[in-house]
>>> print(open('coords-v8.cif').read())   # mmCIF, C-alpha atoms
data_protein
loop_
_atom_site.label_atom_id
_atom_site.label_comp_id
_atom_site.auth_asym_id
_atom_site.auth_seq_id
_atom_site.Cartn_x
_atom_site.Cartn_y
_atom_site.Cartn_z
CA MET W 227 -6.53 1.97 0.39
CA PHE W 228 -6.99 0.74 -3.17
CA ASP W 229 -4.20 1.79 -5.54
CA PRO W 230 -5.36 1.78 -9.20
CA THR W 231 -1.76 1.85 -10.49
CA PRO W 232 -0.92 -1.46 -12.22
CA MET W 233 1.45 -3.62 -10.17
CA TYR W 234 3.93 -3.97 -13.02
CA HIS W 235 4.25 -0.17 -13.17
CA ARG W 236 4.79 0.13 -9.41
CA ILE W 237 7.56 -2.45 -9.65
CA TYR W 238 8.96 -0.60 -12.67
CA VAL W 239 9.20 2.64 -10.66
CA VAL W 240 11.13 0.88 -7.88
CA LEU W 241 13.53 -0.96 -10.19
CA HIS W 242 14.04 2.15 -12.35
CA ASP W 243 15.07 4.11 -9.26
CA GLN W 244 17.36 1.33 -8.00
CA ILE W 245 19.09 1.00 -11.37
CA GLN W 246 19.66 4.75 -11.67
CA ARG W 247 21.02 4.93 -8.11
CA GLY W 248 23.53 2.15 -8.78
CA TYR W 249 21.84 -0.35 -6.49
CA PHE W 250 22.76 -3.15 -8.94
CA ASP W 251 26.37 -3.70 -9.98
CA PRO W 252 26.44 -3.37 -13.81
CA ASP W 253 29.11 -6.07 -13.96
CA GLN W 254 27.06 -8.60 -12.00
CA PRO W 255 23.73 -10.18 -12.97
CA MET W 256 20.65 -8.79 -11.29
CA PRO W 257 18.44 -11.20 -9.30
CA SER W 258 16.64 -13.68 -11.56
CA GLU W 259 13.00 -13.35 -12.60
CA VAL W 260 12.07 -15.95 -9.98
CA GLU W 261 13.91 -14.05 -7.25
CA LEU W 262 12.47 -10.67 -8.24
CA ALA W 263 8.95 -12.13 -8.50
CA ARG W 264 9.36 -13.53 -5.00
CA THR W 265 10.72 -10.22 -3.67
CA PHE W 266 7.73 -8.26 -5.00
CA SER W 267 5.21 -11.03 -4.32
CA VAL W 268 3.97 -11.12 -7.91
CA SER W 269 3.75 -13.67 -10.69
CA ARG W 270 6.55 -14.07 -13.22
CA VAL W 271 4.12 -12.84 -15.88
CA THR W 272 3.75 -9.50 -14.08
CA LEU W 273 7.47 -9.27 -13.40
CA ARG W 274 8.30 -10.06 -17.03
CA LYS W 275 6.11 -7.17 -18.18
CA THR W 276 8.16 -4.83 -16.00
CA LEU W 277 11.47 -6.17 -17.31
CA GLU W 278 10.31 -5.82 -20.91
CA ARG W 279 9.64 -2.13 -20.34
CA LEU W 280 13.03 -1.62 -18.69
CA GLU W 281 14.67 -3.41 -21.60
CA ARG W 282 12.86 -1.22 -24.16
CA GLU W 283 14.16 1.85 -22.36
CA GLY W 284 17.72 0.49 -22.35
CA LEU W 285 17.93 0.27 -18.56
CA ILE W 286 18.66 -3.46 -18.52
CA LEU W 287 20.43 -5.88 -20.86
CA ARG W 288 19.18 -9.47 -20.91
CA GLN W 289 21.64 -12.08 -22.17
CA ARG W 290 20.69 -15.71 -22.62
CA GLY W 291 22.75 -17.93 -20.37
CA ARG W 292 24.28 -14.99 -18.45
CA GLY W 293 21.36 -13.14 -16.86
CA THR W 294 20.05 -9.59 -16.69
CA PHE W 295 22.41 -6.64 -16.23
CA ALA W 296 21.61 -3.10 -15.09
CA ARG W 297 22.46 -0.31 -17.51
CA PRO W 298 21.85 3.01 -15.75
CA ARG W 299 21.54 6.04 -17.99
CA ARG W 300 24.25 8.63 -17.84
CA VAL W 301 22.76 11.97 -16.88
CA ALA W 302 24.34 15.34 -16.26
CA SER W 303 25.33 16.05 -12.66
CA PRO W 304 22.32 17.45 -10.79
CA VAL W 305 22.01 21.20 -10.48
CA GLN W 306 22.38 22.02 -6.80
CA ALA W 307 20.90 25.08 -5.16
CA ASP W 308 19.63 26.28 -1.85
CA VAL W 309 15.85 26.08 -1.63
CA SER W 310 15.54 29.81 -0.99
CA GLY W 311 16.96 31.15 -4.24
CA LEU W 312 16.45 28.61 -7.03
CA VAL W 313 17.40 30.19 -10.35
CA GLU W 314 18.92 33.24 -8.68
CA ASN W 315 21.39 30.98 -6.85
CA LEU W 316 22.27 29.25 -10.10
CA LEU W 317 23.35 32.62 -11.47
CA ILE W 318 25.50 33.26 -8.41
CA MET W 319 27.10 29.85 -8.85
CA GLY W 320 27.86 30.58 -12.50
CA VAL W 321 25.70 27.72 -13.75
CA THR W 322 24.77 28.22 -17.40
CA THR W 323 21.19 27.27 -18.20
CA LYS W 324 19.04 27.92 -21.24
CA VAL W 325 15.39 28.92 -21.29
CA LYS W 326 12.80 28.21 -23.97
CA VAL W 327 9.56 30.19 -23.75
CA ILE W 328 6.76 27.81 -24.77
CA GLU W 329 3.81 30.17 -24.26
CA PHE W 330 3.52 33.93 -23.77
CA ASP W 331 0.22 35.82 -23.71
CA TYR W 332 -2.12 38.00 -21.69
CA VAL W 333 -5.01 36.00 -20.28
CA GLU W 334 -7.72 36.12 -17.63
CA THR W 335 -6.45 34.61 -14.39
CA PRO W 336 -8.18 31.32 -13.45
CA SER W 337 -10.04 31.26 -10.14
CA ASP W 338 -7.34 29.50 -8.08
CA VAL W 339 -4.56 31.79 -9.33
CA ALA W 340 -6.70 34.91 -8.87
CA ARG W 341 -7.45 33.84 -5.30
CA ASP W 342 -3.77 33.29 -4.52
CA MET W 343 -2.81 36.63 -6.05
CA GLY W 344 -5.64 38.53 -4.37
CA PHE W 345 -7.17 39.47 -7.73
CA ASP W 346 -10.76 39.39 -8.91
CA GLU W 347 -11.36 36.29 -10.99
CA GLY W 348 -10.72 37.04 -14.64
CA THR W 349 -8.24 39.86 -14.00
CA LEU W 350 -5.88 40.12 -16.95
CA ALA W 351 -2.28 39.00 -16.31
CA GLN W 352 0.77 38.04 -18.32
CA TYR W 353 0.97 34.25 -18.64
CA ALA W 354 4.09 32.37 -19.67
CA VAL W 355 5.34 28.79 -19.78
CA ARG W 356 9.09 28.18 -19.81
CA VAL W 357 11.33 25.13 -19.94
CA ARG W 358 14.83 25.51 -18.51
CA SER W 359 17.67 23.20 -19.53
CA TYR W 360 21.12 22.44 -18.18
CA LYS W 361 23.74 20.84 -20.45
CA LYS W 362 21.01 20.39 -23.08
CA GLN W 363 18.81 18.40 -20.69
CA PRO W 364 15.50 19.96 -19.54
CA PHE W 365 15.13 20.11 -15.78
CA SER W 366 12.29 22.54 -15.05
CA TYR W 367 8.87 23.45 -16.40
CA SER W 368 7.36 26.64 -15.02
CA GLN W 369 4.08 28.51 -15.39
CA THR W 370 3.95 32.14 -14.33
CA TYR W 371 1.29 34.81 -14.00
CA VAL W 372 2.67 38.34 -13.68
CA ARG W 373 0.66 41.43 -12.82
CA GLU W 374 -0.33 43.03 -16.12
CA ASP W 375 1.20 46.48 -15.55
CA ILE W 376 4.56 44.85 -14.79
CA GLY W 377 4.29 42.21 -17.51
CA ARG W 378 3.83 44.88 -20.20
CA SER W 379 7.38 46.09 -19.49
CA PHE W 380 9.13 43.05 -21.01
CA THR W 381 8.73 40.55 -23.83
CA ALA W 382 8.97 36.81 -24.34
CA LYS W 383 12.45 37.35 -25.75
CA ASP W 384 13.44 39.12 -22.53
CA MET W 385 12.13 36.17 -20.49
CA ALA W 386 14.29 33.76 -22.47
CA LYS W 387 17.44 35.70 -21.59
CA THR W 388 16.86 37.32 -18.20
CA PRO W 389 15.52 35.96 -14.85
CA LEU W 390 12.21 37.46 -13.78
CA LEU W 391 13.66 39.09 -10.69
CA ARG W 392 16.04 41.07 -12.88
CA LEU W 393 13.17 42.06 -15.16
CA PHE W 394 11.15 43.21 -12.15
CA GLU W 395 14.09 45.32 -10.96
CA ARG W 396 14.43 46.82 -14.43
CA ALA W 397 10.72 47.74 -14.30
CA GLY W 398 11.29 49.56 -11.01
CA VAL W 399 9.52 46.97 -8.86
CA LYS W 400 10.79 46.66 -5.30
CA ILE W 401 10.20 43.15 -3.98
CA GLY W 402 8.99 42.97 -0.42
CA GLY W 403 8.85 39.19 0.09
CA ALA W 404 7.40 35.90 -1.06
CA ASN W 405 5.54 32.85 0.18
CA GLN W 406 6.80 29.51 -1.08
CA LYS W 407 5.52 25.94 -0.82
CA ILE W 408 7.30 22.73 -1.79
CA SER W 409 5.47 19.52 -2.65
CA ALA W 410 5.52 16.61 -5.10
CA ARG W 411 3.51 16.27 -8.29
CA ALA W 412 3.00 13.59 -10.90
CA ALA W 413 3.94 14.55 -14.45
CA ASP W 414 0.97 14.91 -16.79
CA ALA W 415 1.25 14.25 -20.53
CA VAL W 416 2.30 17.81 -21.42
CA VAL W 417 4.96 18.18 -18.72
CA ALA W 418 6.25 14.64 -19.27
CA ASP W 419 6.83 15.43 -22.93
CA HIS W 420 8.75 18.64 -22.19
CA LEU W 421 10.92 17.15 -19.43
CA GLY W 422 11.49 13.80 -21.09
CA VAL W 423 9.97 11.71 -18.30
CA ASN W 424 7.18 9.16 -18.15
CA ILE W 425 3.59 10.23 -17.47
CA GLY W 426 3.04 9.89 -13.73
CA SER W 427 6.72 10.37 -12.85
CA PRO W 428 7.22 12.21 -9.53
CA LEU W 429 8.43 15.81 -9.83
CA LEU W 430 9.47 18.43 -7.31
CA CYS W 431 6.92 21.24 -7.23
CA ILE W 432 7.70 24.79 -6.13
CA LYS W 433 4.81 27.24 -5.82
CA ARG W 434 5.75 30.83 -5.04
CA ILE W 435 3.76 34.05 -4.67
CA VAL W 436 5.91 37.18 -4.85
CA LYS W 437 4.81 40.56 -3.47
CA ASP W 438 6.17 44.08 -3.70
CA GLU W 439 7.03 46.38 -0.81
CA ASN W 440 3.39 47.54 -0.69
CA ASP W 441 2.19 43.95 -0.27
CA ARG W 442 0.73 43.84 -3.78
CA THR W 443 1.17 40.56 -5.64
CA VAL W 444 3.72 40.73 -8.43
CA GLU W 445 4.00 37.14 -9.58
CA TRP W 446 2.50 33.67 -9.18
CA ILE W 447 4.76 30.83 -10.25
CA ASN W 448 4.38 27.07 -10.27
CA ALA W 449 7.58 25.26 -11.25
CA LEU W 450 8.11 21.54 -11.68
CA TYR W 451 11.61 20.08 -11.44
CA HIS W 452 13.05 16.85 -12.84
CA PRO W 453 14.23 14.99 -9.69
CA ASP W 454 17.18 13.43 -11.55
CA MET W 455 18.41 16.88 -12.59
CA TYR W 456 17.80 19.09 -9.56
CA GLU W 457 18.73 18.80 -5.93
CA PHE W 458 17.85 21.03 -3.01
CA GLU W 459 20.62 21.44 -0.49
CA MET W 460 20.03 22.98 2.93
CA ASN W 461 22.38 23.36 5.87
CA LEU W 462 20.86 22.65 9.28
CA SER W 463 22.04 23.52 12.76
CA LEU W 464 20.77 22.72 16.23
CA ARG W 465 18.97 25.58 17.97
CA GLN W 466 17.38 25.82 21.35
CA GLY W 467 13.59 25.67 21.10
CA PRO W 468 10.85 25.94 23.73
CA ASN W 469 10.86 22.16 24.22
CA GLY W 470 14.56 21.48 23.73
CA THR W 471 16.98 21.50 20.81
CA VAL W 472 15.56 21.33 17.29
CA TRP W 473 16.93 21.34 13.74
CA GLN W 474 16.63 24.67 11.95
CA PRO W 475 17.92 25.91 8.59
CA SER W 476 21.15 27.83 8.95
CA GLN W 477 22.18 30.79 6.81
CA SER W 478 22.86 29.69 3.24
CA SER W 479 26.45 29.95 2.07
CA LEU W 480 25.39 30.39 -1.55
#
>>> encode(input="coords-v8.cif", output="structure tokens")
Amino acid sequence: MFDPTPMYHRIYVVLHDQIQRGYFDPDQPMPSEVELARTFSVSRVTLRKTLERLEREGLILRQRGRGTFARPRRVASPVQADVSGLVENLLIMGVTTKVKVIEFDYVETPSDVARDMGFDEGTLAQYAVRVRSYKKQPFSYSQTYVREDIGRSFTAKDMAKTPLLRLFERAGVKIGGANQKISARAADAVVADHLGVNIGSPLLCIKRIVKDENDRTVEWINALYHPDMYEFEMNLSLRQGPNGTVWQPSQSSL
């Protein structure tokens, strides 16, 4: 299959990840341009373009006569949470995060969101965009649509201080359950700017549809997480299945 992504950028993504993971000893020279070009089966011209970008971003230091040295960025320790609870588990763990509400309005739901929520297309809903940070570093970008009658019970200021589940409880909503999907997404220009990543960078994507005890949709949320700043941790145990033992998630300890 043809991949339109420039080769130098594909190599950049690999080397960026290796540098950040400590694959190269900062005190020892990285492989030479010739060696790296041979490893990736590209010309030195292509490889040099990649190294120039890494150097501009401060991820490598090139010294004449000594070689090229990796300089991984120091980032805050990743926020860890069980996949089931996300922000709610962060509260339990006592992790202090800050939220900035970027957008807050009442809009007509687009067709895909309306379909997911079981609404007629164009149904009015509260729409908000939030960026959550940990130790002053942004790690999530979320878009939410909340049923209008519930959304009218709180403000943008409330959203900046209180998790949505708590706001739902305050509004008298009894949550019955939720459907959640996890995938990967590439950062577009807007999200890249808010999370401080490059356009096209891979992000964790959580899409969740929350319903009340009467099976009416309460919230639609699509959240994107900076992979360097967020980790999902899940305990697994062996269980007996119809065709033998299989791995299954065990009860979270969080």
>>> closest_residue(input="coords-v8.cif", among="W:Glu334, W:Glu445, W:Asp342, W:Glu261", to="Thr370 (chain W)", atoms="only C-alpha atoms")
W:Glu445
>>> closest_residue(input="coords-v8.cif", among="W:Gly426, W:Gly377, W:Pro453, W:Gly284", to="Phe365 (chain W)", atoms="all atoms listed in the file")
W:Pro453
>>> closest_residue(input="coords-v8.cif", among="W:Arg358, W:Lys326, W:Arg392, W:Arg373", to="Gly344 (chain W)", atoms="all atoms listed in the file")
W:Arg373
>>> residues_around(input="coords-v8.cif", residues="Asp243 (chain W)", least_positions_apart="3", cutoff="12 Å", atoms="all atoms listed in the file", output="ChimeraX atom specification")
/W:236-240,246-250,280,285,296-299,427-428,453-454
>>> axis_aligned_box(input="coords-v8.cif", around="region 231-241 of chain W", padding_each_side="5 Å", output="JSON")
{"center_x": 5.9, "center_y": -0.7, "center_z": -10.5, "size_x": 25.3, "size_y": 16.6, "size_z": 15.3}
>>> closest_residue(input="coords-v8.cif", among="W:Glu395, W:Leu462, W:Asn424, W:Ala410", to="Glu283 (chain W)", atoms="only C-alpha atoms")
W:Asn424
>>> closest_residue(input="coords-v8.cif", among="W:Leu350, W:Ala340, W:Val325, W:Ile432", to="Ala382 (chain W)", atoms="all atoms listed in the file")
W:Val325
>>> atom_distance(input="coords-v8.cif", atom1="CA of Tyr371 (chain W)", atom2="CA of Ala351 (chain W)")
6.0 Å
>>> resolve_selection(input="coords-v8.cif", expression="the PyMOL selection byres ((chain W and resi 333) around 10)", output="mmCIF file with C-alpha atoms, keeping the file's coordinate frame")
data_model
loop_
_atom_site.group_PDB
_atom_site.id
_atom_site.type_symbol
_atom_site.label_atom_id
_atom_site.label_comp_id
_atom_site.auth_asym_id
_atom_site.auth_seq_id
_atom_site.Cartn_x
_atom_site.Cartn_y
_atom_site.Cartn_z
ATOM 1 C CA PHE W 330 3.520 33.930 -23.770
ATOM 2 C CA ASP W 331 0.220 35.820 -23.710
ATOM 3 C CA TYR W 332 -2.120 38.000 -21.690
ATOM 4 C CA GLU W 334 -7.720 36.120 -17.630
ATOM 5 C CA THR W 335 -6.450 34.610 -14.390
ATOM 6 C CA PRO W 336 -8.180 31.320 -13.450
ATOM 7 C CA GLY W 348 -10.720 37.040 -14.640
ATOM 8 C CA THR W 349 -8.240 39.860 -14.000
ATOM 9 C CA LEU W 350 -5.880 40.120 -16.950
ATOM 10 C CA ALA W 351 -2.280 39.000 -16.310
ATOM 11 C CA GLN W 352 0.770 38.040 -18.320
ATOM 12 C CA TYR W 353 0.970 34.250 -18.640
ATOM 13 C CA ALA W 354 4.090 32.370 -19.670
ATOM 14 C CA TYR W 371 1.290 34.810 -14.000
ATOM 15 C CA GLU W 374 -0.330 43.030 -16.120
#
>>> atom_distance(input="coords-v8.cif", atom1="CA of Ser337 (chain W)", atom2="CA of Val372 (chain W)")
15.0 Å
>>> residues_around(input="coords-v8.cif", residues="Val416 (chain W)", least_positions_apart="2", cutoff="12 Å", atoms="only C-alpha atoms", output="JSON, numbers by chain")
{"W": [328, 355, 357, 367, 412, 413, 414, 418, 419, 420, 421, 422, 423, 424, 425, 426, 450]}
>>> closest_residue(input="coords-v8.cif", among="W:Arg411, W:Glu259, W:Gln466, W:Gly398", to="Glu439 (chain W)", atoms="all atoms listed in the file")
W:Gly398
>>> atom_distance(input="coords-v8.cif", atom1="CA of Ser267 (chain W)", atom2="CA of Glu281 (chain W)")
21.1 Å
>>> residues_around(input="coords-v8.cif", residues="Ile401 (chain W)", least_positions_apart="3", cutoff="9 Å", atoms="all atoms listed in the file", output="ChimeraX atom specification")
/W:391,394-395,404,436-441,444
>>> resolve_selection(input="coords-v8.cif", expression="the PyMOL selection byres ((chain W and resi 252) around 6)", output="MDAnalysis selection string")
chainID W and resid 251 253:254 295:296
